[in-house]
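Student: Okay, handing you the structure first.
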Amino acid sequence: MTALEIEIDPADAGFAPDRLARIDRHFEGYVDQKKLPGWQIAVSRKGRLVHSSTYGHRDIESGAPFTDDTVVRMFSMSKPITSVAAMMLYEEGLLELKSPISKWLPEFADTRVYRSGSFLAPLTEPQIEPIRVWHLLTHTSGLTYGFHNTHVTDAIYRRGGFEWGNPPGADLAECCALWAEMPLAFQPGSEWNYGVSTDVLGRLVEVVSGMPLDEFFRTRIFEPLGMTETDFYVHSESADRFATLYVRNPATGEAVPAPGALGRASDEPPAMLGGGGGLVGTAHDYLRFAHMMLNRGELDGVRLLGSRTVDYMTRNHLPGNADLEAFGRPLFAETSFDGVGFGLGFSVVLDAAANKVMRSEGEYSWGGAASTIFWVDPAQEIVALFLTQLLPSSTYPIRSQLNQLVQQALVD
């Protein structure tokens with residue numbers, strides 16, 4: 001375990017200490033009102049930590065505090081890591097963004113596209129455009145999630161055992177085979193829809209690299225970056241620091257433990273290595289990853305990606321430079337996506353004025369289902385991280401509030 005320590009006086013990094021204190025006061029209110037169990041916040045500038053704080057509990061019932069080495073479910077904050085893995089293979093010339101994924105995953109060659117009808121009897125049509133690698137990276141593949149509850153294809157996923165989990169015992173290859181049999185929500189490349197695209201991308205990494213996803217992550221990303229407590233399962237030595245997962249009680253508004261299997265995490269390598277949402281880890285580890293991205297692919301002498309690759313990943317890749325509000329299906333997040341596009345694994349701010357949140361153009365980010373978030377602001381050289389464990393992420397406007405509170409603390 002590694003503790004987080006302030007590395008520079010906030011005033012020397014352009015922050016007003018009294019304004020930084022507003023961040024903690026604001027989010028303490030969430031815990032005091034029993035809306036959140038507890039949280040961890042970290043803010044750095046130019047790779048040096050200027051603010052680190054925790055509050056509340058990682059487990060309310062036992063009274064265990066939320067500490068700066070608490071292990072949490074990252075859920076969809078796994079996606080940027082899987083995207084980096086794919087782009088590492090891209091840099092080696094092992095795949096191209098325009099290549100049909102059926103080159104490596106032939107089960108997707110004949111996946112049909114939904115046209116009309118019910119989830120019990122859908123009418124489908126052939127793909128006009130094949131699913132390509134860049135479609136997976138940008139969530140424009142037509143793949144979906146069962147928990148959306150907004151489209152017929154979502155219901156088809158739920159019927160197939162994919163809602164907040166996967167069919168028991170199915171590994172990543174078997175899940176991909178099942179998804180390939182289900183119709184796409186739309187023609188690849190024509191819309192944006194959040195779904196299992198990054199899980200399929202993880203399978204692509206496995207096939208192209210010739211190694212299981214957990215092995216690729218460990219040997220190519222985690223060990224080089226010193227991310228010692230990030231994995232697809234909770235290691236025995238960190239089990240006592242693992243946070244409980246909570247949901248909002250609709251009657252009282254209070255955070256209560258998530259029911260049944262939803263709140264459990266594996267204590268051994270799972271069958272399904274979900275690159276779209278399966279990782280657990282600590283703030284220390286995720287800051288290492290985020291600082292590598294801020295440094296355009298390098299950290300402490302270890303380079304995972306070329307600087308131009310990071311620049312390319314973190315620009316908008318939606319056709320016509322559209323934002324998510326215009327190009328996407330009805331979205332799930334607690335904030336609007338006006339003025340926000342999508343790159344290769346990250347959302348990207350195109351127009352902060354349109355977004356109506358104080359941010360920098362070029363900021364890129366993503367969050368997880370348990371209300372976690374990270375963002376990298378290259379213009380201000382800031383990384384911000386918020387960890388908690390409350391499903392779903394749309395419960396409270398935590399992410400936009402973190403943006404405005406961090407940015408207002410800058411006075412340089």
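Letters for chains follow the order of the structure tokens (A, B, ...), residue numbers begin at 1 for each chain, and ligand numbers begin at 1 in the order shown.
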Give me the residues near Pro106 in chain A as a PyMOL selection string, where near means some atom within 12 Å (using only C-alpha atoms) and where sequence neighbours in that chain fewer than 6 positions away do not count.
Tutor: chain A and resi 100+130-131+173+176-177+180-181+204+207
Student: Please give the complete set of residues from range 54-233 of chain A that DSSP, run on the backbone, assigns to helix (DSSP H, G or I), formatted as a PyMOL selection string.
Tutor: chain A and resi 75-91+101-103+106-108+133-138+146-148+152-159+172-181+197-209+213-225
Student: Could you take the residues named above and write them with C-alpha atoms, as a PDB file, in the first residue's frame?
Tutor:
ATOM      1  CA  PHE A  75     -16.057   0.153 -13.013  1.00  0.00           C
ATOM      2  CA  SER A  76     -15.837   2.196 -16.250  1.00  0.00           C
ATOM      3  CA  MET A  77     -12.627   3.929 -15.233  1.00  0.00           C
ATOM      4  CA  SER A  78     -11.222   0.616 -16.514  1.00  0.00           C
ATOM      5  CA  LYS A  79     -12.060   1.761 -20.045  1.00  0.00           C
ATOM      6  CA  PRO A  80      -9.254   4.323 -20.503  1.00  0.00           C
ATOM      7  CA  ILE A  81      -6.737   1.673 -19.434  1.00  0.00           C
ATOM      8  CA  THR A  82      -8.076  -0.813 -22.005  1.00  0.00           C
ATOM      9  CA  SER A  83      -7.996   1.937 -24.632  1.00  0.00           C
ATOM     10  CA  VAL A  84      -4.342   2.639 -23.840  1.00  0.00           C
ATOM     11  CA  ALA A  85      -3.594  -1.087 -24.163  1.00  0.00           C
ATOM     12  CA  ALA A  86      -5.160  -1.147 -27.632  1.00  0.00           C
ATOM     13  CA  MET A  87      -3.236   1.935 -28.718  1.00  0.00           C
ATOM     14  CA  MET A  88       0.016   0.356 -27.540  1.00  0.00           C
ATOM     15  CA  LEU A  89      -0.671  -2.435 -30.036  1.00  0.00           C
ATOM     16  CA  TYR A  90      -1.581   0.192 -32.632  1.00  0.00           C
ATOM     17  CA  GLU A  91       1.828   1.777 -32.132  1.00  0.00           C
ATOM     18  CA  ILE A 101     -12.662  -6.225 -35.978  1.00  0.00           C
ATOM     19  CA  SER A 102     -13.815  -9.394 -37.724  1.00  0.00           C
ATOM     20  CA  LYS A 103     -10.208  -9.737 -38.914  1.00  0.00           C
ATOM     21  CA  PRO A 106     -14.757 -13.368 -36.942  1.00  0.00           C
ATOM     22  CA  GLU A 107     -17.948 -13.801 -34.884  1.00  0.00           C
ATOM     23  CA  PHE A 108     -18.704 -10.107 -35.510  1.00  0.00           C
ATOM     24  CA  VAL A 133     -11.415  -0.787 -34.337  1.00  0.00           C
ATOM     25  CA  TRP A 134     -12.110   2.937 -34.016  1.00  0.00           C
ATOM     26  CA  HIS A 135     -15.808   2.206 -33.497  1.00  0.00           C
ATOM     27  CA  LEU A 136     -14.931   0.245 -30.353  1.00  0.00           C
ATOM     28  CA  LEU A 137     -12.673   3.014 -29.055  1.00  0.00           C
ATOM     29  CA  THR A 138     -15.330   5.683 -29.599  1.00  0.00           C
ATOM     30  CA  GLY A 146     -28.483  -4.074 -20.737  1.00  0.00           C
ATOM     31  CA  PHE A 147     -28.867  -1.626 -17.861  1.00  0.00           C
ATOM     32  CA  HIS A 148     -29.708   1.346 -20.106  1.00  0.00           C
ATOM     33  CA  VAL A 152     -35.049  -2.727 -27.598  1.00  0.00           C
ATOM     34  CA  THR A 153     -31.478  -3.981 -27.916  1.00  0.00           C
ATOM     35  CA  ASP A 154     -30.901  -3.208 -24.220  1.00  0.00           C
ATOM     36  CA  ALA A 155     -33.747  -5.588 -23.397  1.00  0.00           C
ATOM     37  CA  ILE A 156     -32.195  -8.225 -25.648  1.00  0.00           C
ATOM     38  CA  TYR A 157     -28.960  -7.937 -23.638  1.00  0.00           C
ATOM     39  CA  ARG A 158     -30.857  -8.285 -20.360  1.00  0.00           C
ATOM     40  CA  ARG A 159     -32.658 -11.346 -21.676  1.00  0.00           C
ATOM     41  CA  LEU A 172     -14.502 -12.753 -22.224  1.00  0.00           C
ATOM     42  CA  ALA A 173     -14.355 -14.796 -25.431  1.00  0.00           C
ATOM     43  CA  GLU A 174     -17.719 -16.421 -24.676  1.00  0.00           C
ATOM     44  CA  CYS A 175     -19.299 -13.053 -23.852  1.00  0.00           C
ATOM     45  CA  CYS A 176     -18.086 -11.642 -27.161  1.00  0.00           C
ATOM     46  CA  ALA A 177     -19.576 -14.603 -29.003  1.00  0.00           C
ATOM     47  CA  LEU A 178     -22.917 -13.959 -27.292  1.00  0.00           C
ATOM     48  CA  TRP A 179     -22.845 -10.213 -28.015  1.00  0.00           C
ATOM     49  CA  ALA A 180     -22.069 -10.939 -31.661  1.00  0.00           C
ATOM     50  CA  GLU A 181     -25.332 -12.899 -31.881  1.00  0.00           C
ATOM     51  CA  SER A 197     -17.483  -1.794 -26.927  1.00  0.00           C
ATOM     52  CA  THR A 198     -14.494  -1.560 -24.583  1.00  0.00           C
ATOM     53  CA  ASP A 199     -15.017  -5.121 -23.353  1.00  0.00           C
ATOM     54  CA  VAL A 200     -14.842  -6.268 -26.978  1.00  0.00           C
ATOM     55  CA  LEU A 201     -11.758  -4.069 -27.359  1.00  0.00           C
ATOM     56  CA  GLY A 202     -10.228  -5.962 -24.431  1.00  0.00           C
ATOM     57  CA  ARG A 203     -10.836  -9.229 -26.272  1.00  0.00           C
ATOM     58  CA  LEU A 204      -9.183  -7.697 -29.325  1.00  0.00           C
ATOM     59  CA  VAL A 205      -6.138  -6.911 -27.160  1.00  0.00           C
ATOM     60  CA  GLU A 206      -6.044 -10.542 -26.055  1.00  0.00           C
ATOM     61  CA  VAL A 207      -6.200 -11.961 -29.576  1.00  0.00           C
ATOM     62  CA  VAL A 208      -3.750  -9.487 -31.118  1.00  0.00           C
ATOM     63  CA  SER A 209      -1.208  -9.692 -28.285  1.00  0.00           C
ATOM     64  CA  LEU A 213      -6.016  -9.270 -20.719  1.00  0.00           C
ATOM     65  CA  ASP A 214      -4.948  -9.422 -17.069  1.00  0.00           C
ATOM     66  CA  GLU A 215      -1.472 -10.526 -18.102  1.00  0.00           C
ATOM     67  CA  PHE A 216      -1.194  -7.754 -20.684  1.00  0.00           C
ATOM     68  CA  PHE A 217      -2.308  -5.157 -18.151  1.00  0.00           C
ATOM     69  CA  ARG A 218       0.067  -6.469 -15.482  1.00  0.00           C
ATOM     70  CA  THR A 219       3.190  -6.797 -17.624  1.00  0.00           C
ATOM     71  CA  ARG A 220       2.711  -3.895 -20.036  1.00  0.00           C
ATOM     72  CA  ILE A 221       0.946  -1.250 -17.889  1.00  0.00           C
ATOM     73  CA  PHE A 222       0.614  -1.934 -14.153  1.00  0.00           C
ATOM     74  CA  GLU A 223       4.115  -3.178 -13.321  1.00  0.00           C
ATOM     75  CA  PRO A 224       5.890  -0.557 -15.464  1.00  0.00           C
ATOM     76  CA  LEU A 225       3.843   2.243 -13.856  1.00  0.00           C
TER      77      LEU A 225
END
Student: So that I can see what lies close to range 236-251 of chain A, please list as an MDAnalysis selection string the residues with an atom at most 6 Å from it, counting only C-alpha atoms and leaving out residues fewer than 6 positions away in the same chain.
Tutor: chainID A and resid 58:59 70:72 257:258 263 389:391
Student: Please provide as an MDAnalysis selection string all residues within 12 Å of Lys356 in chain A, with the sequence filter that same-chain residues fewer than 3 positions apart are discarded (counting only C-alpha atoms).
Tutor: chainID A and resid 335:340 349:353 359:360 400:401 403:404
Student: List as a list in words the protein and nucleic acid residues near His291 in chain A, meaning an atom at most 8 Å away when only C-alpha atoms are counted, but skip any in the same chain fewer than 4 places from it.
Tutor: Gly47, Leu287, Asn295, Leu299 and Val383 of chain A
Student: Skipping near chain neighbours, those fewer than 6 positions away, what residues fall within 8 Å of Ile41 in chain A using only C-alpha atoms, listed as a list in words?
Tutor: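 That gives His51, Ser52, Ser53, Thr54, Ala384, Leu385, Phe386 and Leu387 of chain A.
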Student: Let me make sure I understand: among A:Lys35, A:Asp267, A:Val50, A:Tyr233, which one has the smallest atom-to-atom distance to Phe15 in chain A if we use only C-alpha atoms?
Tutor: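 Closest to Phe15 in chain A, using only C-alpha atoms: A:Val50.
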